[in-house]
Structures are given as C-alpha cells and as structure tokens.
Amino acid sequence: MKNFCTLILFILFPFFGQAQSLVKGKIYNASSDEALSGVKINIAPIQKILITDDLGGFQTKLNVGNYQFILTKPQFQSKKLLLVVKPGDTIVDVGSIYLEPQAENLGTLVISNITDFVLDNKKPIAVTNVSKMSIHNAAIGKDLAEIFNELPSVYATKKGGGIGDSRINIRGFSQRNIAVLINGVPVNDMQTGWVYWSNWLNLPDITNTAQLQPGMGASKLAIPSVGGTINILTASAQKQEGGSLRYAYSNYGLKKIDASYNTGLLKTGLSASMQLGHINGDGYVNMTSVDAYTYYFNVGYLTPNQKHHIMFNVMGAPQWHYQRNLAPMLLDFLRYSNTSEPNIKYNSEWGYLKGQAYSWSKNYFHKPIISLNWDWFINDQWQLNNVVYGMFGRGGGTGPIGAINYHYPSDTVYKDQGGQVRFDDITTWNSGGHVPDFGADRT
C-alpha cells in the first residue's frame, strides 16, 4: 500500500509542480492618474496577449517561471517589466503600473483607436475625458448628453423632459454647431445638423470613454464643430472574458435592464462583445413614457503580428416615447399644482381619449449604425485609422397642428380643470358635433 501511494504521488507531482498562479495588476496614465483601458500586454516568451479592461486592470494565470511584460498603447511610451512567478505563489499582484504619455503629444487631442482627429498646430487643446465608471454612475434615467452638464462651458438639459429629447450647448453654441461622433462616425442630422439622442438610448451602457473638446480645435472632419466636438468611443471587443446583468428602477417608474457578454481576446485573435437591453416605463415629466429595445454587437480581429486591428460594430435602439414639445407658462405650472409650488412635471400635451391616456406628441424611430474600422499600427509613432460606415433609419412623430375657430393648441380652451387635453371634445367638434366653448360648429 505504501509503495502504491508513493507511485501515485510520483505520477501527480508534475501536475502539482505546474499549478498556475493568478497574476493581476492595474495600469494608469502617469500624468493624470487615470486608468488606462486598451493597453496591450505581450507576455514573453509564451507570446500571450492581454488587453486591460475599462478600469485599467488585467489578470491571467501563469506557470512558475520568468516572464517579460511588454506594455504598449498608442500615444504612450512602451514599457517592459520583468516578473518572476515562484513555486507556492497563488496570487501575484504587481500593483499599479504607470505609462508616460509621449512628449510630442502632451497638450493635444489624441483619441486612440477609431479616431479622425489629426492636428497640424502646436497649440494645446483642452480636452475632457469622461470614464465609463462616471457615465454608468450617472446614467440612470439620463441621456448621455446630460452627463456632460457638470463640465466647464457645457449646458445640457432634458429639454421637454422626454427620454432621448435632451440637448447640449457648448460655449453657447447649440447642437447644430457641435460635432458629435460615435467611434469616429459623425451622427449629426445631414439636413439640420441636429442630434437625436433617442436614436441611441443604449449609449450610456456601451460607452467606454466620452471625450469633449470645446471650440473649433484642429479637426479635419467636414462637420459643424464651431462650438466643440464630442467623440464617443464604445466598448471594444478586446475585453477580458466576462459578462454582466443589470437592472435599474427609478422612483418615478422607469425600468431598465441590460445584459452584456465579452469573449475576451481569443488565441485566434478574434474577440466579440454584445449587449441587449430594454427600457420602458414612465418619464420624470407626466406622460413621457418610453419603450425601447437596445442592441450592440462588436466583433474584432487582431493579427498575430499585432499590426492590424479590425472591428465590426452594429448598434441601435428601436423606440417610441411621448414628448412635451409645447412649453407651458409658469402660470400653468402653478394652476395645475396640488401645492403652493409649481408642478414642474406638468405636461400640457396629454389627456384621455375614450377613457385611455393619449398624447398628441409622440416620437418613434429606429436608426442603426453599422461600421467597419481598420487600425494599422505602422510603428510606435505612426498609425493609420480607417472607417467605413452606413446609417439608415425609419420613423416619425406626431404633434398638434391647425386650430379650431382661431384657438391654437396651446390655448386653455382645450384643457379641463386638471390641465389635461379634452381629446374627446376635439374629436366631437372635428366630427361635426357641438362643443359650446369651442365656438361655431364645423360645417
């Protein structure tokens, strides 16, 4: 029996000797202490590749031995580290690692990966980066535009209060004079220059970094960037493997659920990310309900020599939501309040039609974005970024139009004592019936 046990231990000893240790750490920007996502870590001599997550973290399992970590990220100085994994080590925490920005890029706007900002001058450009964690903490019940509201030179508002109806001003310029890009793709309306945030209600959930540059800067893009430029970078498919399931509920009835999964960078160089979600319920303002489904798919490929990175993105959010387009007067906010304070939730555009809640301002749209990005890392100083994209949409909206005997939609004659629109009476008059306070009957 003793000899048998000795034989078993002898057979299993190589497996015990190869027990792997968990190696982890975090990488930061040395000049700003900001966590760096997307840092590529090449582990020699095993040629294993890691990519830091949204919080700058990385982790992997390694056998006992000596390793060299080569850290690279565009616009940062590369760094090499030696790591020794000793027998008996279960967890090896390398702690915080800091990368120095390249000196020639200090003070200029550089967006790594899928960017089209190229600078000719040497003037410093003020740029603010908003991290994914900051966006997630503030995004419940808000559009992405509202998250910039605390930044200098920025004014953002929910406008009428409907989900997706926000607007943003930079240095006093409206959205028509602000360039908004998603992964380097301009999304301003081609006719009006406006930005409809309701088309991408899942942006707060899939944004990795949002960058804001006030003023004209030095962008070569043919976009209206007098007021400033906002570039939104979505989550990359080069994340570590993992997923999440989130559910949020507001105190006014808005519900939000989303699920995401990332394969991480596979040995084949392929990677994929996906996110599916559903937003529905009431808005903060009365009768600004929303119902939207959100989706995001990202497939990436990194060549073995790490010179080429190809990404395919599809995202969209088919939705409908009620709106508050007419601006009530302060007198109305006070008149239709149950207290001495103004009822800021009051919406003058809804009422009851045949016993059912009904609003004459409704938006419904679906406008997906499809893009193919190719990043070519020529050397430490040069890289070429290309994007081919397409957008198509279908939808529309409803609202009040016309008048009854020169009474226009904002007139109080259409309101009942609670401030709701008298849709049944409007239907009666339009059908030729008699409504005394509407004036002469329709003939």
# chains A, B, ... in the order shown; residues from 1 in each chain; ligands from 1

call {"tool": "residues_around", "arguments": {"residues": "A:Asp143", "least_positions_apart": "5", "cutoff": "9 Å", "atoms": "only C-alpha atoms", "output": "PDB file with N, CA and C atoms, in the first residue's frame"}}
result
ATOM      1  N   LYS A 158     -32.798  68.331 -20.277  1.00  0.00           N
ATOM      2  CA  LYS A 158     -33.707  67.325 -20.801  1.00  0.00           C
ATOM      3  C   LYS A 158     -34.692  67.910 -21.802  1.00  0.00           C
ATOM      4  N   ILE A 163     -37.660  61.064 -22.629  1.00  0.00           N
ATOM      5  CA  ILE A 163     -36.443  60.264 -22.716  1.00  0.00           C
ATOM      6  C   ILE A 163     -35.886  60.369 -24.144  1.00  0.00           C
ATOM      7  N   GLY A 164     -34.628  60.754 -24.275  1.00  0.00           N
ATOM      8  CA  GLY A 164     -33.998  60.871 -25.586  1.00  0.00           C
ATOM      9  C   GLY A 164     -34.145  62.229 -26.235  1.00  0.00           C
ATOM     10  N   ASP A 165     -34.807  63.180 -25.564  1.00  0.00           N
ATOM     11  CA  ASP A 165     -35.028  64.513 -26.147  1.00  0.00           C
ATOM     12  C   ASP A 165     -34.044  65.552 -25.637  1.00  0.00           C
ATOM     13  N   SER A 166     -32.975  65.138 -24.995  1.00  0.00           N
ATOM     14  CA  SER A 166     -32.023  66.093 -24.422  1.00  0.00           C
ATOM     15  C   SER A 166     -31.323  66.902 -25.511  1.00  0.00           C
ATOM     16  N   TRP A 197     -30.745  62.116 -29.613  1.00  0.00           N
ATOM     17  CA  TRP A 197     -30.181  61.151 -28.673  1.00  0.00           C
ATOM     18  C   TRP A 197     -31.073  59.932 -28.493  1.00  0.00           C
ATOM     19  N   SER A 198     -32.357  60.047 -28.829  1.00  0.00           N
ATOM     20  CA  SER A 198     -33.259  58.899 -28.692  1.00  0.00           C
ATOM     21  C   SER A 198     -32.899  57.777 -29.655  1.00  0.00           C
ATOM     22  N   LEU A 201     -30.322  55.118 -27.361  1.00  0.00           N
ATOM     23  CA  LEU A 201     -30.586  55.152 -25.926  1.00  0.00           C
ATOM     24  C   LEU A 201     -29.648  54.261 -25.127  1.00  0.00           C
ATOM     25  N   ASN A 202     -28.960  53.337 -25.791  1.00  0.00           N
ATOM     26  CA  ASN A 202     -28.047  52.451 -25.062  1.00  0.00           C
ATOM     27  C   ASN A 202     -26.624  53.008 -24.983  1.00  0.00           C
ATOM     28  N   LEU A 203     -26.396  54.222 -25.471  1.00  0.00           N
ATOM     29  CA  LEU A 203     -25.041  54.775 -25.432  1.00  0.00           C
ATOM     30  C   LEU A 203     -24.442  54.819 -24.023  1.00  0.00           C
ATOM     31  N   PRO A 204     -25.202  55.243 -22.984  1.00  0.00           N
ATOM     32  CA  PRO A 204     -24.590  55.250 -21.650  1.00  0.00           C
ATOM     33  C   PRO A 204     -24.124  53.873 -21.185  1.00  0.00           C
TER      34      PRO A 204
END

call {"tool": "residues_around", "arguments": {"residues": "A:Asp424", "least_positions_apart": "4", "cutoff": "12 Å", "atoms": "only C-alpha atoms", "output": "list in words"}}
result
Trp350, Gly351, Tyr352, Leu353, Lys354, Gly355, Gln356, Ala357, Tyr358, Tyr414, Lys415, Asp416, Gln420, Thr428, Trp429, Asn430, Ser431, Gly433, His434 and Val435 of chain A

call {"tool": "residues_around", "arguments": {"residues": "A:Pro328", "least_positions_apart": "6", "cutoff": "12 Å", "atoms": "only C-alpha atoms", "output": "NGL selection string"}}
result
:A and (160 or 334-336 or 342-349 or 409-412 or 419)

call {"tool": "residues_around", "arguments": {"residues": "A:Pro304", "least_positions_apart": "3", "cutoff": "9 Å", "atoms": "only C-alpha atoms", "output": "PyMOL selection string"}}
result
chain A and resi 268-269+307-308

call {"tool": "residues_around", "arguments": {"residues": "stretch 309-322 of chain A", "least_positions_apart": "6", "cutoff": "9 Å", "atoms": "only C-alpha atoms", "output": "number ranges by chain"}}
result
A: 162-164, 198-202, 236-237, 279, 283, 287-303, 359-377

call {"tool": "select_by_dssp", "arguments": {"residues": "stretch 127-243 of chain A", "states": "strand (DSSP E)", "output": "PyMOL selection string"}}
result
chain A and resi 128-131+154-157+167-170+178-182+185-186+207-214+228-234+242-243

call {"tool": "closest_residue", "arguments": {"among": "A:Asn129, A:Ser96, A:Ser273, A:Asn386", "to": "A:Leu212", "atoms": "only C-alpha atoms"}}
result
A:Asn129

call {"tool": "atom_distance", "arguments": {"atom1": "atom CA of A:Asn188", "atom2": "atom CA of A:Lys142"}}
result
19.8 Å

call {"tool": "closest_residue", "arguments": {"among": "A:Val185, A:Val388, A:Ala35, A:Val64", "to": "A:Pro87", "atoms": "only C-alpha atoms"}}
result
A:Val64

call {"tool": "closest_residue", "arguments": {"among": "A:Ile232, A:Ile206, A:Ala440, A:Ile147", "to": "A:Ile182", "atoms": "only C-alpha atoms"}}
result
A:Ile232

call {"tool": "closest_residue", "arguments": {"among": "A:Glu34, A:Glu241, A:Asp93, A:Asp53", "to": "A:Val130", "atoms": "only C-alpha atoms"}}
result
A:Glu34

call {"tool": "closest_residue", "arguments": {"among": "A:Thr207, A:Leu36, A:Gly56, A:Gly281", "to": "A:Ser250", "atoms": "only C-alpha atoms"}}
result
A:Gly281

call {"tool": "decode", "arguments": {"residues": "stretch 67-79 of chain A", "atoms": "all heavy atoms", "output": "PDB file, in the first residue's frame"}}
result
ATOM      1  N   TYR A  67       9.155  35.857 -16.701  1.00  0.00           N
ATOM      2  CA  TYR A  67       8.392  36.411 -17.822  1.00  0.00           C
ATOM      3  C   TYR A  67       8.779  37.869 -18.026  1.00  0.00           C
ATOM      4  O   TYR A  67       9.212  38.559 -17.094  1.00  0.00           O
ATOM      5  CB  TYR A  67       6.885  36.319 -17.563  1.00  0.00           C
ATOM      6  CG  TYR A  67       6.391  34.902 -17.363  1.00  0.00           C
ATOM      7  CD1 TYR A  67       6.301  34.360 -16.084  1.00  0.00           C
ATOM      8  CD2 TYR A  67       6.022  34.116 -18.451  1.00  0.00           C
ATOM      9  CE1 TYR A  67       5.853  33.066 -15.892  1.00  0.00           C
ATOM     10  CE2 TYR A  67       5.555  32.821 -18.273  1.00  0.00           C
ATOM     11  CZ  TYR A  67       5.475  32.308 -16.988  1.00  0.00           C
ATOM     12  OH  TYR A  67       5.026  31.018 -16.803  1.00  0.00           O
ATOM     13  N   GLN A  68       8.593  38.320 -19.249  1.00  0.00           N
ATOM     14  CA  GLN A  68       8.773  39.723 -19.587  1.00  0.00           C
ATOM     15  C   GLN A  68       7.438  40.278 -20.087  1.00  0.00           C
ATOM     16  O   GLN A  68       6.841  39.737 -21.016  1.00  0.00           O
ATOM     17  CB  GLN A  68       9.844  39.913 -20.664  1.00  0.00           C
ATOM     18  CG  GLN A  68      10.130  41.391 -20.967  1.00  0.00           C
ATOM     19  CD  GLN A  68      11.158  41.580 -22.054  1.00  0.00           C
ATOM     20  OE1 GLN A  68      10.999  41.077 -23.159  1.00  0.00           O
ATOM     21  NE2 GLN A  68      12.232  42.296 -21.735  1.00  0.00           N
ATOM     22  N   PHE A  69       6.948  41.355 -19.443  1.00  0.00           N
ATOM     23  CA  PHE A  69       5.712  42.019 -19.848  1.00  0.00           C
ATOM     24  C   PHE A  69       6.075  43.235 -20.691  1.00  0.00           C
ATOM     25  O   PHE A  69       6.810  44.117 -20.232  1.00  0.00           O
ATOM     26  CB  PHE A  69       4.905  42.471 -18.624  1.00  0.00           C
ATOM     27  CG  PHE A  69       4.120  41.363 -17.972  1.00  0.00           C
ATOM     28  CD1 PHE A  69       4.615  40.080 -17.891  1.00  0.00           C
ATOM     29  CD2 PHE A  69       2.866  41.619 -17.443  1.00  0.00           C
ATOM     30  CE1 PHE A  69       3.892  39.058 -17.302  1.00  0.00           C
ATOM     31  CE2 PHE A  69       2.118  40.612 -16.842  1.00  0.00           C
ATOM     32  CZ  PHE A  69       2.642  39.325 -16.771  1.00  0.00           C
ATOM     33  N   ILE A  70       5.567  43.294 -21.911  1.00  0.00           N
ATOM     34  CA  ILE A  70       5.794  44.434 -22.798  1.00  0.00           C
ATOM     35  C   ILE A  70       4.469  45.174 -22.933  1.00  0.00           C
ATOM     36  O   ILE A  70       3.505  44.653 -23.485  1.00  0.00           O
ATOM     37  CB  ILE A  70       6.303  43.975 -24.175  1.00  0.00           C
ATOM     38  CG1 ILE A  70       7.574  43.133 -24.013  1.00  0.00           C
ATOM     39  CG2 ILE A  70       6.571  45.188 -25.068  1.00  0.00           C
ATOM     40  CD1 ILE A  70       8.047  42.502 -25.307  1.00  0.00           C
ATOM     41  N   LEU A  71       4.410  46.412 -22.414  1.00  0.00           N
ATOM     42  CA  LEU A  71       3.180  47.198 -22.377  1.00  0.00           C
ATOM     43  C   LEU A  71       3.227  48.260 -23.471  1.00  0.00           C
ATOM     44  O   LEU A  71       4.173  49.049 -23.540  1.00  0.00           O
ATOM     45  CB  LEU A  71       3.009  47.879 -21.017  1.00  0.00           C
ATOM     46  CG  LEU A  71       2.557  47.029 -19.830  1.00  0.00           C
ATOM     47  CD1 LEU A  71       3.513  45.898 -19.528  1.00  0.00           C
ATOM     48  CD2 LEU A  71       2.390  47.909 -18.599  1.00  0.00           C
ATOM     49  N   THR A  72       2.206  48.288 -24.326  1.00  0.00           N
ATOM     50  CA  THR A  72       2.143  49.265 -25.401  1.00  0.00           C
ATOM     51  C   THR A  72       0.736  49.827 -25.521  1.00  0.00           C
ATOM     52  O   THR A  72      -0.246  49.128 -25.294  1.00  0.00           O
ATOM     53  CB  THR A  72       2.551  48.648 -26.757  1.00  0.00           C
ATOM     54  OG1 THR A  72       1.691  47.525 -27.045  1.00  0.00           O
ATOM     55  CG2 THR A  72       3.995  48.191 -26.739  1.00  0.00           C
ATOM     56  N   LYS A  73       0.664  51.107 -25.864  1.00  0.00           N
ATOM     57  CA  LYS A  73      -0.597  51.790 -26.153  1.00  0.00           C
ATOM     58  C   LYS A  73      -0.266  53.005 -27.002  1.00  0.00           C
ATOM     59  O   LYS A  73       0.694  53.720 -26.700  1.00  0.00           O
ATOM     60  CB  LYS A  73      -1.305  52.228 -24.870  1.00  0.00           C
ATOM     61  CG  LYS A  73      -2.658  52.911 -25.104  1.00  0.00           C
ATOM     62  CD  LYS A  73      -3.346  53.241 -23.789  1.00  0.00           C
ATOM     63  CE  LYS A  73      -4.619  54.042 -24.036  1.00  0.00           C
ATOM     64  NZ  LYS A  73      -5.644  53.264 -24.760  1.00  0.00           N
ATOM     65  N   PRO A  74      -1.019  53.221 -28.088  1.00  0.00           N
ATOM     66  CA  PRO A  74      -0.740  54.401 -28.917  1.00  0.00           C
ATOM     67  C   PRO A  74      -0.724  55.681 -28.096  1.00  0.00           C
ATOM     68  O   PRO A  74      -1.530  55.862 -27.181  1.00  0.00           O
ATOM     69  CB  PRO A  74      -1.912  54.401 -29.919  1.00  0.00           C
ATOM     70  CG  PRO A  74      -2.341  52.972 -30.001  1.00  0.00           C
ATOM     71  CD  PRO A  74      -2.124  52.409 -28.626  1.00  0.00           C
ATOM     72  N   GLN A  75       0.221  56.561 -28.420  1.00  0.00           N
ATOM     73  CA  GLN A  75       0.414  57.865 -27.782  1.00  0.00           C
ATOM     74  C   GLN A  75       1.025  57.758 -26.384  1.00  0.00           C
ATOM     75  O   GLN A  75       1.075  58.742 -25.650  1.00  0.00           O
ATOM     76  CB  GLN A  75      -0.894  58.675 -27.708  1.00  0.00           C
ATOM     77  CG  GLN A  75      -1.748  58.624 -28.960  1.00  0.00           C
ATOM     78  CD  GLN A  75      -0.999  58.963 -30.241  1.00  0.00           C
ATOM     79  OE1 GLN A  75      -0.024  59.707 -30.199  1.00  0.00           O
ATOM     80  NE2 GLN A  75      -1.444  58.421 -31.359  1.00  0.00           N
ATOM     81  N   PHE A  76       1.484  56.560 -25.995  1.00  0.00           N
ATOM     82  CA  PHE A  76       2.171  56.377 -24.721  1.00  0.00           C
ATOM     83  C   PHE A  76       3.496  55.661 -24.954  1.00  0.00           C
ATOM     84  O   PHE A  76       3.634  54.889 -25.911  1.00  0.00           O
ATOM     85  CB  PHE A  76       1.316  55.564 -23.735  1.00  0.00           C
ATOM     86  CG  PHE A  76       0.174  56.332 -23.147  1.00  0.00           C
ATOM     87  CD1 PHE A  76      -1.031  56.446 -23.821  1.00  0.00           C
ATOM     88  CD2 PHE A  76       0.303  56.960 -21.914  1.00  0.00           C
ATOM     89  CE1 PHE A  76      -2.091  57.161 -23.288  1.00  0.00           C
ATOM     90  CE2 PHE A  76      -0.745  57.679 -21.364  1.00  0.00           C
ATOM     91  CZ  PHE A  76      -1.942  57.784 -22.058  1.00  0.00           C
ATOM     92  N   GLN A  77       4.452  55.935 -24.083  1.00  0.00           N
ATOM     93  CA  GLN A  77       5.741  55.268 -24.181  1.00  0.00           C
ATOM     94  C   GLN A  77       5.601  53.806 -23.751  1.00  0.00           C
ATOM     95  O   GLN A  77       4.963  53.508 -22.742  1.00  0.00           O
ATOM     96  CB  GLN A  77       6.771  55.971 -23.300  1.00  0.00           C
ATOM     97  CG  GLN A  77       7.036  57.423 -23.690  1.00  0.00           C
ATOM     98  CD  GLN A  77       8.023  58.104 -22.762  1.00  0.00           C
ATOM     99  OE1 GLN A  77       8.804  57.436 -22.078  1.00  0.00           O
ATOM    100  NE2 GLN A  77       7.997  59.431 -22.719  1.00  0.00           N
ATOM    101  N   SER A  78       6.170  52.914 -24.546  1.00  0.00           N
ATOM    102  CA  SER A  78       6.112  51.491 -24.203  1.00  0.00           C
ATOM    103  C   SER A  78       6.952  51.220 -22.953  1.00  0.00           C
ATOM    104  O   SER A  78       7.849  51.994 -22.603  1.00  0.00           O
ATOM    105  CB  SER A  78       6.596  50.639 -25.372  1.00  0.00           C
ATOM    106  OG  SER A  78       7.931  50.981 -25.709  1.00  0.00           O
ATOM    107  N   LYS A  79       6.642  50.108 -22.313  1.00  0.00           N
ATOM    108  CA  LYS A  79       7.318  49.787 -21.061  1.00  0.00           C
ATOM    109  C   LYS A  79       7.522  48.287 -20.961  1.00  0.00           C
ATOM    110  O   LYS A  79       6.649  47.506 -21.387  1.00  0.00           O
ATOM    111  CB  LYS A  79       6.481  50.288 -19.878  1.00  0.00           C
ATOM    112  CG  LYS A  79       7.212  50.324 -18.544  1.00  0.00           C
ATOM    113  CD  LYS A  79       6.407  51.096 -17.515  1.00  0.00           C
ATOM    114  CE  LYS A  79       7.221  51.373 -16.264  1.00  0.00           C
ATOM    115  NZ  LYS A  79       6.474  52.228 -15.309  1.00  0.00           N
TER     116      LYS A  79
END
